[in-house]
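Trainee: Data file data.pdb (PDB, C-alpha atoms) is appended below.
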```
ATOM      1  CA  MET A  11      12.990 -17.938   3.642
ATOM      2  CA  LEU A  12      10.268 -18.812   1.158
ATOM      3  CA  ARG A  13      12.123 -17.009  -1.609
ATOM      4  CA  ALA A  14      15.298 -18.858  -0.637
ATOM      5  CA  THR A  15      13.687 -22.196  -1.496
ATOM      6  CA  ALA A  16      13.626 -21.109  -5.145
ATOM      7  CA  VAL A  17      17.438 -20.919  -5.267
ATOM      8  CA  PRO A  18      18.273 -24.662  -5.163
ATOM      9  CA  ILE A  19      15.518 -25.336  -7.716
ATOM     10  CA  PHE A  20      17.035 -22.726 -10.025
ATOM     11  CA  VAL A  21      20.509 -24.216  -9.529
ATOM     12  CA  ALA A  22      19.138 -27.701 -10.262
ATOM     13  CA  GLY A  23      17.757 -26.352 -13.538
ATOM     14  CA  ALA A  24      21.172 -24.971 -14.455
ATOM     15  CA  LEU A  25      22.749 -28.375 -13.739
ATOM     16  CA  GLU A  26      20.204 -30.035 -16.019
ATOM     17  CA  ILE A  27      21.594 -27.974 -18.904
ATOM     18  CA  THR A  28      25.011 -29.541 -18.360
ATOM     19  CA  THR A  29      23.496 -33.031 -18.560
ATOM     20  CA  GLY A  30      21.675 -32.301 -21.797
ATOM     21  CA  SER A  31      18.126 -31.929 -20.422
ATOM     22  CA  PRO A  32      17.015 -28.422 -21.470
ATOM     23  CA  ALA A  33      13.300 -29.266 -21.187
ATOM     24  CA  VAL A  34      13.717 -30.278 -17.544
ATOM     25  CA  ALA A  35      15.789 -27.147 -16.925
ATOM     26  CA  ILE A  36      13.013 -24.941 -18.303
ATOM     27  CA  VAL A  37      10.434 -26.625 -16.069
ATOM     28  CA  GLU A  38      12.625 -26.202 -12.985
ATOM     29  CA  TRP A  39      13.407 -22.573 -13.802
ATOM     30  CA  ALA A  40       9.700 -21.903 -14.285
ATOM     31  CA  ALA A  41       9.024 -23.543 -10.905
ATOM     32  CA  ALA A  42      11.690 -21.369  -9.241
ATOM     33  CA  LEU A  43      10.163 -18.230 -10.755
ATOM     34  CA  GLY A  44       6.743 -19.459  -9.658
ATOM     35  CA  ILE A  45       7.893 -19.755  -6.049
ATOM     36  CA  GLY A  46       9.458 -16.307  -6.233
ATOM     37  CA  PHE A  47       6.205 -14.834  -7.556
ATOM     38  CA  ALA A  48       4.201 -16.764  -4.965
ATOM     39  CA  SER A  49       6.329 -15.326  -2.153
ATOM     40  CA  TRP A  50       5.655 -11.815  -3.497
ATOM     41  CA  LEU A  51       1.914 -12.525  -3.624
ATOM     42  CA  ILE A  52       1.947 -13.769  -0.038
ATOM     43  CA  GLU A  53       3.946 -10.757   1.117
ATOM     44  CA  GLU A  54       1.464  -8.391  -0.543
ATOM     45  CA  GLY A  55      -1.361 -10.411   0.992
ATOM     46  CA  GLU A  56       0.172  -9.941   4.441
ATOM     47  CA  LYS A  57       0.341  -6.186   3.870
ATOM     48  CA  ALA A  58      -3.286  -6.103   2.714
ATOM     49  CA  GLU A  59      -4.357  -8.096   5.767
ATOM     50  CA  THR A  60      -2.504  -5.712   8.088
ATOM     51  CA  ALA A  61      -4.254  -2.735   6.484
ATOM     52  CA  TYR A  62      -7.586  -4.550   6.768
ATOM     53  CA  ALA A  63      -6.984  -5.301  10.458
ATOM     54  CA  GLU A  64      -6.150  -1.676  11.238
ATOM     55  CA  ARG A  65      -9.389  -0.369   9.750
ATOM     56  CA  GLN A  66     -12.729  -0.494  11.515
ATOM     57  CA  ILE A  67     -14.699  -0.344   8.262
ATOM     58  CA  ALA A  68     -13.198  -2.326   5.399
ATOM     59  CA  LYS A  69     -13.938  -4.534   2.457
ATOM     60  CA  PRO A  70     -11.884  -7.688   1.991
ATOM     61  CA  PRO A  71      -8.976  -7.457  -0.469
ATOM     62  CA  ALA A  72     -10.209  -7.719  -4.060
ATOM     63  CA  ILE A  73      -7.635 -10.458  -4.790
ATOM     64  CA  PRO A  74      -6.944 -13.224  -2.210
ATOM     65  CA  ARG A  75      -3.180 -12.983  -2.698
ATOM     66  CA  LYS A  76      -2.144 -15.389   0.059
ATOM     67  CA  LEU A  77      -4.517 -18.052  -1.253
ATOM     68  CA  PHE A  78      -3.284 -17.668  -4.831
ATOM     69  CA  GLY A  79       0.338 -17.651  -3.636
ATOM     70  CA  SER A  80      -0.157 -20.887  -1.717
ATOM     71  CA  ILE A  81      -1.780 -22.552  -4.730
ATOM     72  CA  LEU A  82       1.086 -21.373  -6.915
ATOM     73  CA  ILE A  83       3.603 -22.918  -4.488
ATOM     74  CA  GLY A  84       1.764 -26.232  -4.768
ATOM     75  CA  ALA A  85       1.824 -25.985  -8.580
ATOM     76  CA  ALA A  86       5.561 -25.182  -8.581
ATOM     77  CA  VAL A  87       6.339 -28.156  -6.347
ATOM     78  CA  PHE A  88       4.207 -30.400  -8.569
ATOM     79  CA  ALA A  89       6.144 -29.198 -11.639
ATOM     80  CA  VAL A  90       9.487 -29.981  -9.988
ATOM     81  CA  PHE A  91       8.510 -33.522  -9.037
ATOM     82  CA  ALA A  92       6.831 -34.071 -12.411
ATOM     83  CA  THR A  93      10.303 -33.994 -13.993
ATOM     84  CA  ASN A  94      11.013 -37.304 -12.241
ATOM     85  CA  SER A  95       8.868 -40.009 -13.812
ATOM     86  CA  ASP A  96       9.816 -42.472 -11.044
ATOM     87  CA  PHE A  97       8.081 -40.380  -8.405
ATOM     88  CA  GLY A  98       4.540 -41.225  -9.546
ATOM     89  CA  LEU A  99       1.543 -39.009 -10.149
ATOM     90  CA  ALA A 100      -0.092 -39.822  -6.810
ATOM     91  CA  ASN A 101       3.055 -38.922  -4.891
ATOM     92  CA  GLN A 102       3.434 -35.704  -6.903
ATOM     93  CA  ALA A 103      -0.133 -34.712  -6.004
ATOM     94  CA  ILE A 104       0.396 -35.517  -2.315
ATOM     95  CA  VAL A 105       3.642 -33.569  -2.013
ATOM     96  CA  SER A 106       2.325 -30.538  -3.920
ATOM     97  CA  GLY A 107      -0.859 -30.591  -1.833
ATOM     98  CA  LEU A 108       1.220 -30.685   1.342
ATOM     99  CA  ALA A 109       3.300 -27.735   0.115
ATOM    100  CA  ALA A 110       0.202 -25.666  -0.619
ATOM    101  CA  GLY A 111      -1.373 -26.697   2.686
ATOM    102  CA  LEU A 112       1.724 -25.799   4.675
ATOM    103  CA  ALA A 113       1.829 -22.373   3.042
ATOM    104  CA  LEU A 114      -1.825 -21.796   3.956
ATOM    105  CA  ALA A 115      -1.228 -23.045   7.501
ATOM    106  CA  THR A 116       1.788 -20.780   7.878
ATOM    107  CA  PHE A 117       0.408 -17.565   6.423
ATOM    108  CA  GLY A 118      -3.330 -18.102   6.782
ATOM    109  CA  LEU A 119      -6.181 -17.159   4.490
ATOM    110  CA  ASP A 120      -6.860 -13.666   3.251
ATOM    111  CA  PRO A 121      -9.735 -11.742   4.878
ATOM    112  CA  MET A 122     -12.862 -12.876   3.047
ATOM    113  CA  ARG A 123     -15.618 -10.768   4.615
ATOM    114  CA  ALA A 124     -16.340  -7.088   4.895
ATOM    115  CA  LYS A 125     -16.314  -5.702   8.414
ATOM    116  CA  GLY A 126     -18.077  -2.741   9.979
ATOM    117  CA  LEU A 127     -20.628  -2.558   7.135
ATOM    118  CA  GLU A 128     -23.550  -4.130   8.964
ATOM    119  CA  GLY A 129     -26.395  -2.236  10.643
ATOM    120  CA  GLU A 130     -28.976   0.321   9.616
ATOM    121  CA  ASP A 131     -26.384   2.755   8.259
ATOM    122  CA  SER A 132     -24.643   0.135   6.123
ATOM    123  CA  PHE A 133     -24.945   2.295   2.985
ATOM    124  CA  GLU A 134     -23.204   5.211   4.703
ATOM    125  CA  ARG A 135     -20.530   2.918   6.066
ATOM    126  CA  GLU A 136     -19.914   1.478   2.619
ATOM    127  CA  ARG A 137     -19.355   5.006   1.337
ATOM    128  CA  VAL A 138     -16.841   5.530   4.134
ATOM    129  CA  ALA A 139     -15.043   2.287   3.231
ATOM    130  CA  ILE A 140     -14.759   3.339  -0.413
ATOM    131  CA  ALA A 141     -13.550   6.841   0.513
ATOM    132  CA  ILE A 142     -10.922   5.523   2.948
ATOM    133  CA  GLU A 143      -9.732   2.958   0.422
ATOM    134  CA  LYS A 144      -9.185   5.720  -2.145
ATOM    135  CA  ALA A 145      -7.458   7.920   0.420
ATOM    136  CA  GLU A 146      -5.247   5.013   1.485
ATOM    137  CA  SER A 147      -4.082   4.615  -2.118
ATOM    138  CA  TYR A 148      -2.830   8.227  -2.049
ATOM    139  CA  VAL A 149      -0.973   7.544   1.201
ATOM    140  CA  LYS A 150       0.670   4.445  -0.283
ATOM    141  CA  GLU A 151       1.770   6.346  -3.397
ATOM    142  CA  THR A 152       3.189   9.088  -1.184
ATOM    143  CA  LEU A 153       5.159   6.598   0.917
ATOM    144  CA  ASP A 154       6.411   4.832  -2.222
ATOM    145  CA  ALA A 155       7.670   8.170  -3.578
ATOM    146  CA  ALA A 156       9.318   8.976  -0.236
ATOM    147  CA  LYS A 157      11.309   5.733  -0.355
ATOM    148  CA  SER A 158      13.168   7.061  -3.385
ATOM    149  CA  ILE A 159      14.300  10.223  -1.559
ATOM    150  CA  LYS A 160      17.938   9.802  -0.580
ATOM    151  CA  ASP A 161      17.449  11.407   2.815
ATOM    152  CA  ARG A 162      16.362   9.287   5.771
ATOM    153  CA  LYS A 163      15.208  12.296   7.791
ATOM    154  CA  LEU A 164      12.797  13.368   5.070
ATOM    155  CA  GLN A 165      11.550   9.806   4.669
ATOM    156  CA  ALA A 166      10.790   9.750   8.400
ATOM    157  CA  ARG A 167       8.893  13.051   8.118
ATOM    158  CA  VAL A 168       6.709  11.651   5.352
ATOM    159  CA  GLU A 169       6.064   8.507   7.401
ATOM    160  CA  SER A 170       5.086  10.666  10.382
ATOM    161  CA  MET A 171       2.636  12.613   8.237
ATOM    162  CA  ALA A 172       1.166   9.343   6.931
ATOM    163  CA  ALA A 173       0.638   8.182  10.514
ATOM    164  CA  SER A 174      -1.331  11.369  11.249
ATOM    165  CA  VAL A 175      -3.439  10.784   8.157
ATOM    166  CA  ARG A 176      -4.257   7.214   9.139
ATOM    167  CA  THR A 177      -5.270   8.351  12.611
ATOM    168  CA  MET A 178      -7.735  10.669  10.878
ATOM    169  CA  PHE A 179      -9.067   7.695   8.899
ATOM    170  CA  ARG A 180      -9.918   5.959  12.165
ATOM    171  CA  ALA A 181     -11.755   9.093  13.387
ATOM    172  CA  ILE A 182     -13.861   9.165  10.212
ATOM    173  CA  GLU A 183     -14.682   5.477  10.600
ATOM    174  CA  ASP A 184     -15.793   6.085  14.194
ATOM    175  CA  ASP A 185     -18.161   8.870  13.160
ATOM    176  CA  PRO A 186     -18.860   9.124   9.409
ATOM    177  CA  ARG A 187     -20.918  12.335   9.586
ATOM    178  CA  ASP A 188     -20.473  14.867   6.804
ATOM    179  CA  LEU A 189     -18.514  12.430   4.663
ATOM    180  CA  SER A 190     -18.709  14.665   1.581
ATOM    181  CA  SER A 191     -16.577  17.406   3.167
ATOM    182  CA  SER A 192     -14.252  14.799   4.686
ATOM    183  CA  ARG A 193     -13.706  13.270   1.272
ATOM    184  CA  LYS A 194     -13.048  16.665  -0.287
ATOM    185  CA  TYR A 195     -10.537  17.509   2.410
ATOM    186  CA  LEU A 196      -8.732  14.198   2.141
ATOM    187  CA  SER A 197      -8.713  14.255  -1.649
ATOM    188  CA  VAL A 198      -7.213  17.737  -1.913
ATOM    189  CA  PHE A 199      -4.648  17.306   0.854
ATOM    190  CA  LEU A 200      -3.564  13.770   0.049
ATOM    191  CA  LYS A 201      -3.221  14.423  -3.681
ATOM    192  CA  ALA A 202      -1.164  17.493  -2.768
ATOM    193  CA  ALA A 203       1.081  15.429  -0.489
ATOM    194  CA  ARG A 204       1.511  12.739  -3.141
ATOM    195  CA  ASP A 205       2.283  15.176  -5.962
ATOM    196  CA  ALA A 206       4.648  17.195  -3.776
ATOM    197  CA  THR A 207       6.561  14.098  -2.684
ATOM    198  CA  GLN A 208       6.841  12.670  -6.197
ATOM    199  CA  LYS A 209       8.049  15.942  -7.721
ATOM    200  CA  PHE A 210      10.390  16.715  -4.847
ATOM    201  CA  ALA A 211      11.964  13.251  -4.965
ATOM    202  CA  HIS A 212      12.641  13.600  -8.691
ATOM    203  CA  HIS A 213      14.059  17.119  -8.304
ATOM    204  CA  TYR A 214      16.075  16.618  -5.108
ATOM    205  CA  ASN A 215      17.730  13.367  -6.140
ATOM    206  CA  ARG A 216      19.085  15.128  -9.225
ATOM    207  CA  THR A 217      20.030  18.516  -7.775
ATOM    208  CA  LYS A 218      20.301  18.254  -3.950
ATOM    209  CA  ASP A 219      18.567  21.649  -3.954
ATOM    210  CA  GLN A 220      18.585  22.778  -0.300
ATOM    211  CA  ASP A 221      16.002  25.513  -0.904
ATOM    212  CA  ALA A 222      13.610  22.907  -2.292
ATOM    213  CA  ARG A 223      14.405  20.675   0.674
ATOM    214  CA  ALA A 224      13.530  23.415   3.146
ATOM    215  CA  ASP A 225      10.366  24.195   1.206
ATOM    216  CA  PHE A 226       9.354  20.530   1.205
ATOM    217  CA  GLU A 227       9.985  20.198   4.946
ATOM    218  CA  LYS A 228       7.816  23.254   5.593
ATOM    219  CA  LEU A 229       5.046  21.822   3.435
ATOM    220  CA  LEU A 230       5.217  18.501   5.295
ATOM    221  CA  GLY A 231       5.004  20.374   8.576
ATOM    222  CA  ASP A 232       1.985  22.346   7.359
ATOM    223  CA  LEU A 233       0.219  19.194   6.205
ATOM    224  CA  GLU A 234       0.979  17.192   9.350
ATOM    225  CA  THR A 235      -0.207  20.037  11.584
ATOM    226  CA  SER A 236      -3.373  20.379   9.551
ATOM    227  CA  PHE A 237      -4.129  16.655   9.746
ATOM    228  CA  SER A 238      -3.534  16.606  13.495
ATOM    229  CA  GLN A 239      -5.803  19.589  14.080
ATOM    230  CA  ARG A 240      -8.494  18.430  11.714
ATOM    231  CA  ARG A 241      -8.634  14.949  13.192
ATOM    232  CA  GLU A 242     -10.987  16.122  15.942
ATOM    233  CA  THR A 243     -12.922  18.820  14.074
ATOM    234  CA  LEU A 244     -13.263  17.509  10.528
ATOM    235  CA  LEU A 245     -16.717  16.028  11.059
ATOM    236  CA  LEU A 246     -18.247  19.163  12.559
ATOM    237  CA  GLU A 247     -20.512  21.361  10.467
ATOM    238  CA  ASN A 248     -17.947  23.986   9.557
ATOM    239  CA  ARG A 249     -17.809  24.015   5.777
ATOM    240  CA  THR A 250     -16.738  27.674   5.502
ATOM    241  CA  ASP A 251     -13.571  27.102   7.523
ATOM    242  CA  LEU A 252     -12.900  23.933   5.562
ATOM    243  CA  ASP A 253     -13.174  25.643   2.193
ATOM    244  CA  VAL A 254     -10.914  28.470   3.396
ATOM    245  CA  GLU A 255      -8.344  25.948   4.618
ATOM    246  CA  ILE A 256      -8.369  24.133   1.277
ATOM    247  CA  GLU A 257      -7.844  27.407  -0.558
ATOM    248  CA  VAL A 258      -4.937  28.258   1.764
ATOM    249  CA  LEU A 259      -3.360  24.907   0.891
ATOM    250  CA  ARG A 260      -3.789  25.552  -2.817
ATOM    251  CA  ASP A 261      -2.110  28.953  -2.438
ATOM    252  CA  ARG A 262       0.677  27.300  -0.455
ATOM    253  CA  LEU A 263       1.226  24.745  -3.197
ATOM    254  CA  ALA A 264       1.211  27.402  -5.901
ATOM    255  CA  ALA A 265       4.011  29.209  -4.071
ATOM    256  CA  SER A 266       6.006  26.051  -3.471
ATOM    257  CA  SER A 267       9.104  25.933  -5.673
ATOM    258  CA  MET A 268       9.321  22.151  -6.017
ATOM    259  CA  ILE A 269       5.671  21.815  -7.096
ATOM    260  CA  LYS A 270       6.141  24.040 -10.102
ATOM    261  CA  ALA A 271       6.791  22.303 -13.380
ATOM    262  CA  GLN A 272      10.444  21.491 -13.709
TER     263      GLN A 272
END
```
Spit out the file's structure as structure tokens when you get a sec.

Mentor:
Amino acid sequence: MLRATAVPIFVAGALEITTGSPAVAIVEWAAALGIGFASWLIEEGEKAETAYAERQIAKPPAIPRKLFGSILIGAAVFAVFATNSDFGLANQAIVSGLAAGLALATFGLDPMRAKGLEGEDSFERERVAIAIEKAESYVKETLDAAKSIKDRKLQARVESMAASVRTMFRAIEDDPRDLSSSRKYLSVFLKAARDATQKFAHHYNRTKDQDARADFEKLLGDLETSFSQRRETLLLENRTDLDVEIEVLRDRLAASSMIKAQ
């Protein structure tokens, strides 16, 4: 709905061209683009807030997207009314302020404080927050790659695997013991999942290779099973088994047809 408000402003700019006012048209088109960009910022801010809410240990988003989006809406509205000299500067400021305020009231502020980082082990918890943030970026890249696969069943399998991974994140936040091995495990497995998904999507969309599809499904199954099993045991002192499991994954990837260079 927010994006839709940019449409009449854009149309008004087009009509200004027909009346011989190109400068006004440019201002109105810029305002329409500004509202479109602001709606994207707010949407991304909502996603960041959802991710923040789901995590027990988290830093606030680096960029307050919802705040910036609301300010940008106010600026766009100000620009539109500034094209009408009869409206008055004070009225322009009031209306643009109301627009920005309504956006903030509707979507709220971005999270501004870290959570779960207080206490005697705050340093360790900060390390967990950084590690989970990095791991989450791999999950997002994997899901983004999966969206390009023209197969809804495979997309659902990737989403299911991502859900297992995020459940593991919560387990690590609950008990951050032996973070170094946790980070190694997550890094190896999540990079493998991301690379596999990206390469498979590129290959399968071009070739519809059913052997590669079966191979990819098996790999997803292996990864999801591993994440589910490791969720409860990852933090135990069992480095030998962990290193063996990582090596097994590497061997599995080496044998995987869609991971090989195309």

Trainee: Given the choices A:Leu51, A:Leu112, A:Ala16, A:Ile73, which gets closest to Ala86 in chain A if the distance is worked out from all atoms listed in the file?

Mentor: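 For Ala86 in chain A, the nearest of the candidates is A:Ala16.
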
Trainee: Kindly indicate which residue among A:Ile142, A:Val34, A:Leu229, A:Leu119 lies nearest to Glu59 in chain A, using only C-alpha atoms for the distances.

Mentor: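 Under the stated criterion, the closest residue is A:Leu119.
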
Trainee: Could you pull the residues within 9 Å of Leu200 in chain A, counting all atoms listed in the file, minus those fewer than 6 positions along the same chain, as a list in words?

Mentor: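 Counting all atoms listed in the file, the residues come to Ala145, Tyr148, Val149, Thr152 and Val175 of chain A.
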
Trainee: Can you translate the PyMOL selection byres ((chain A and resi 103-106) around 12) into the concrete residues it hits in this file, as a compact mmCIF listing (two decimals) with C-alpha atoms, keeping the file's coordinate frame?

Mentor:
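The result, written out as out-v5.txt:
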```txt
# COMPACT_ATOMS: atom_id res chain seq x y z
CA ALA A 41 9.02 -23.54 -10.90
CA SER A 80 -0.16 -20.89 -1.72
CA ILE A 81 -1.78 -22.55 -4.73
CA LEU A 82 1.09 -21.37 -6.92
CA ILE A 83 3.60 -22.92 -4.49
CA GLY A 84 1.76 -26.23 -4.77
CA ALA A 85 1.82 -25.98 -8.58
CA ALA A 86 5.56 -25.18 -8.58
CA VAL A 87 6.34 -28.16 -6.35
CA PHE A 88 4.21 -30.40 -8.57
CA ALA A 89 6.14 -29.20 -11.64
CA VAL A 90 9.49 -29.98 -9.99
CA PHE A 91 8.51 -33.52 -9.04
CA ALA A 92 6.83 -34.07 -12.41
CA PHE A 97 8.08 -40.38 -8.40
CA GLY A 98 4.54 -41.22 -9.55
CA LEU A 99 1.54 -39.01 -10.15
CA ALA A 100 -0.09 -39.82 -6.81
CA ASN A 101 3.06 -38.92 -4.89
CA GLN A 102 3.43 -35.70 -6.90
CA GLY A 107 -0.86 -30.59 -1.83
CA LEU A 108 1.22 -30.68 1.34
CA ALA A 109 3.30 -27.74 0.12
CA ALA A 110 0.20 -25.67 -0.62
CA GLY A 111 -1.37 -26.70 2.69
CA LEU A 112 1.72 -25.80 4.68
CA ALA A 113 1.83 -22.37 3.04
```

Trainee: Quick one, how far is CA of His212 in chain A from CA of Ser158 in chain A?

Mentor: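 Separation between CA of His212 in chain A and CA of Ser158 in chain A: 8.4 Å.
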
Trainee: Hey, can you check how far CA of Met122 in chain A sits from CA of Thr15 in chain A?

Mentor: 28.5 Å

Trainee: Which residue, A:Trp50, A:Ala124, A:Glu38, A:Ser95, has the smallest gap to Glu26 in chain A when you use all atoms listed in the file?

Mentor: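 Looking only at the distances to Glu26 in chain A, the closest residue turns out to be A:Glu38.
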
Trainee: State, in Å with one decimal place, the distance from CA of Leu196 in chain A to CA of Gly55 in chain A.

Mentor: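 Interatomic distance, CA of Leu196 in chain A to CA of Gly55 in chain A: 25.7 Å.
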
Trainee: Just the residues within 9 Å of Gly118 in chain A, please, counting only C-alpha atoms, with nothing from its chain fewer than 3 positions along; format it as a ChimeraX atom specification.

Mentor: /A:76-77,113-115

Trainee: On this structure, which residues satisfy the PyMOL selection byres ((chain A and resi 12) around 8), written as a ChimeraX atom specification?

Mentor: /A:11,13-16,45-46,49

Trainee: Mind checking which residues fall within 9 Å of Gly231 in chain A, counting all atoms listed in the file, ignoring those fewer than 5 positions away in the same chain, and posting them as a PyMOL selection string?

Mentor: chain A and resi 167+171+226+236

Trainee: Compile the contact shell of Arg65 in chain A as a PyMOL selection string: residues with an atom at most 12 Å away, counting only C-alpha atoms, same-chain residues fewer than 5 positions apart removed.

Mentor: chain A and resi 58-60+70+124-127+138-139+142-143+146+176-184

Trainee: Find the spatial neighbours of Leu153 in chain A, counting all atoms listed in the file, within a cut-off of 10 Å - ignore same-chain residues fewer than 3 positions away - and output them as a PyMOL selection string.

Mentor: chain A and resi 147-150+156-158+165-166+168-169+171-172+203-204+207-208

Trainee: Supply range 160-179 of chain A as a PDB file, in the frame of the given file, with N, CA and C atoms built in where the input has gaps.

Mentor:
```
ATOM      1  N   LYS A 160      16.691  10.236  -1.205  1.00  0.00           N
ATOM      2  CA  LYS A 160      17.938   9.802  -0.580  1.00  0.00           C
ATOM      3  C   LYS A 160      18.246  10.672   0.643  1.00  0.00           C
ATOM      4  N   ASP A 161      17.308  10.631   1.585  1.00  0.00           N
ATOM      5  CA  ASP A 161      17.449  11.407   2.815  1.00  0.00           C
ATOM      6  C   ASP A 161      16.550  10.754   3.854  1.00  0.00           C
ATOM      7  N   ARG A 162      17.150  10.047   4.804  1.00  0.00           N
ATOM      8  CA  ARG A 162      16.362   9.287   5.771  1.00  0.00           C
ATOM      9  C   ARG A 162      15.499  10.188   6.643  1.00  0.00           C
ATOM     10  N   LYS A 163      15.976  11.381   6.950  1.00  0.00           N
ATOM     11  CA  LYS A 163      15.208  12.296   7.791  1.00  0.00           C
ATOM     12  C   LYS A 163      13.908  12.698   7.100  1.00  0.00           C
ATOM     13  N   LEU A 164      13.994  12.989   5.806  1.00  0.00           N
ATOM     14  CA  LEU A 164      12.797  13.368   5.070  1.00  0.00           C
ATOM     15  C   LEU A 164      11.847  12.176   4.936  1.00  0.00           C
ATOM     16  N   GLN A 165      12.397  11.001   4.723  1.00  0.00           N
ATOM     17  CA  GLN A 165      11.550   9.806   4.669  1.00  0.00           C
ATOM     18  C   GLN A 165      10.767   9.650   5.969  1.00  0.00           C
ATOM     19  N   ALA A 166      11.455   9.872   7.100  1.00  0.00           N
ATOM     20  CA  ALA A 166      10.790   9.750   8.400  1.00  0.00           C
ATOM     21  C   ALA A 166       9.698  10.802   8.562  1.00  0.00           C
ATOM     22  N   ARG A 167       9.905  12.009   8.021  1.00  0.00           N
ATOM     23  CA  ARG A 167       8.893  13.051   8.118  1.00  0.00           C
ATOM     24  C   ARG A 167       7.640  12.664   7.330  1.00  0.00           C
ATOM     25  N   VAL A 168       7.853  12.084   6.157  1.00  0.00           N
ATOM     26  CA  VAL A 168       6.709  11.651   5.352  1.00  0.00           C
ATOM     27  C   VAL A 168       5.960  10.530   6.074  1.00  0.00           C
ATOM     28  N   GLU A 169       6.696   9.604   6.663  1.00  0.00           N
ATOM     29  CA  GLU A 169       6.064   8.507   7.401  1.00  0.00           C
ATOM     30  C   GLU A 169       5.271   9.034   8.593  1.00  0.00           C
ATOM     31  N   SER A 170       5.794  10.066   9.254  1.00  0.00           N
ATOM     32  CA  SER A 170       5.086  10.666  10.382  1.00  0.00           C
ATOM     33  C   SER A 170       3.783  11.318   9.917  1.00  0.00           C
ATOM     34  N   MET A 171       3.843  11.999   8.782  1.00  0.00           N
ATOM     35  CA  MET A 171       2.636  12.613   8.237  1.00  0.00           C
ATOM     36  C   MET A 171       1.614  11.540   7.884  1.00  0.00           C
ATOM     37  N   ALA A 172       2.081  10.435   7.294  1.00  0.00           N
ATOM     38  CA  ALA A 172       1.166   9.343   6.931  1.00  0.00           C
ATOM     39  C   ALA A 172       0.499   8.763   8.168  1.00  0.00           C
ATOM     40  N   ALA A 173       1.222   8.686   9.275  1.00  0.00           N
ATOM     41  CA  ALA A 173       0.638   8.182  10.514  1.00  0.00           C
ATOM     42  C   ALA A 173      -0.481   9.099  11.008  1.00  0.00           C
ATOM     43  N   SER A 174      -0.278  10.416  10.869  1.00  0.00           N
ATOM     44  CA  SER A 174      -1.331  11.369  11.249  1.00  0.00           C
ATOM     45  C   SER A 174      -2.566  11.205  10.375  1.00  0.00           C
ATOM     46  N   VAL A 175      -2.324  10.972   9.084  1.00  0.00           N
ATOM     47  CA  VAL A 175      -3.439  10.784   8.157  1.00  0.00           C
ATOM     48  C   VAL A 175      -4.241   9.543   8.532  1.00  0.00           C
ATOM     49  N   ARG A 176      -3.560   8.463   8.832  1.00  0.00           N
ATOM     50  CA  ARG A 176      -4.257   7.214   9.139  1.00  0.00           C
ATOM     51  C   ARG A 176      -5.014   7.304  10.468  1.00  0.00           C
ATOM     52  N   THR A 177      -4.519   8.117  11.381  1.00  0.00           N
ATOM     53  CA  THR A 177      -5.270   8.351  12.611  1.00  0.00           C
ATOM     54  C   THR A 177      -6.576   9.070  12.290  1.00  0.00           C
ATOM     55  N   MET A 178      -6.523   9.994  11.308  1.00  0.00           N
ATOM     56  CA  MET A 178      -7.735  10.669  10.878  1.00  0.00           C
ATOM     57  C   MET A 178      -8.713   9.680  10.244  1.00  0.00           C
ATOM     58  N   PHE A 179      -8.193   8.722   9.491  1.00  0.00           N
ATOM     59  CA  PHE A 179      -9.067   7.695   8.899  1.00  0.00           C
ATOM     60  C   PHE A 179      -9.887   7.001   9.984  1.00  0.00           C
TER      61      PHE A 179
END
```
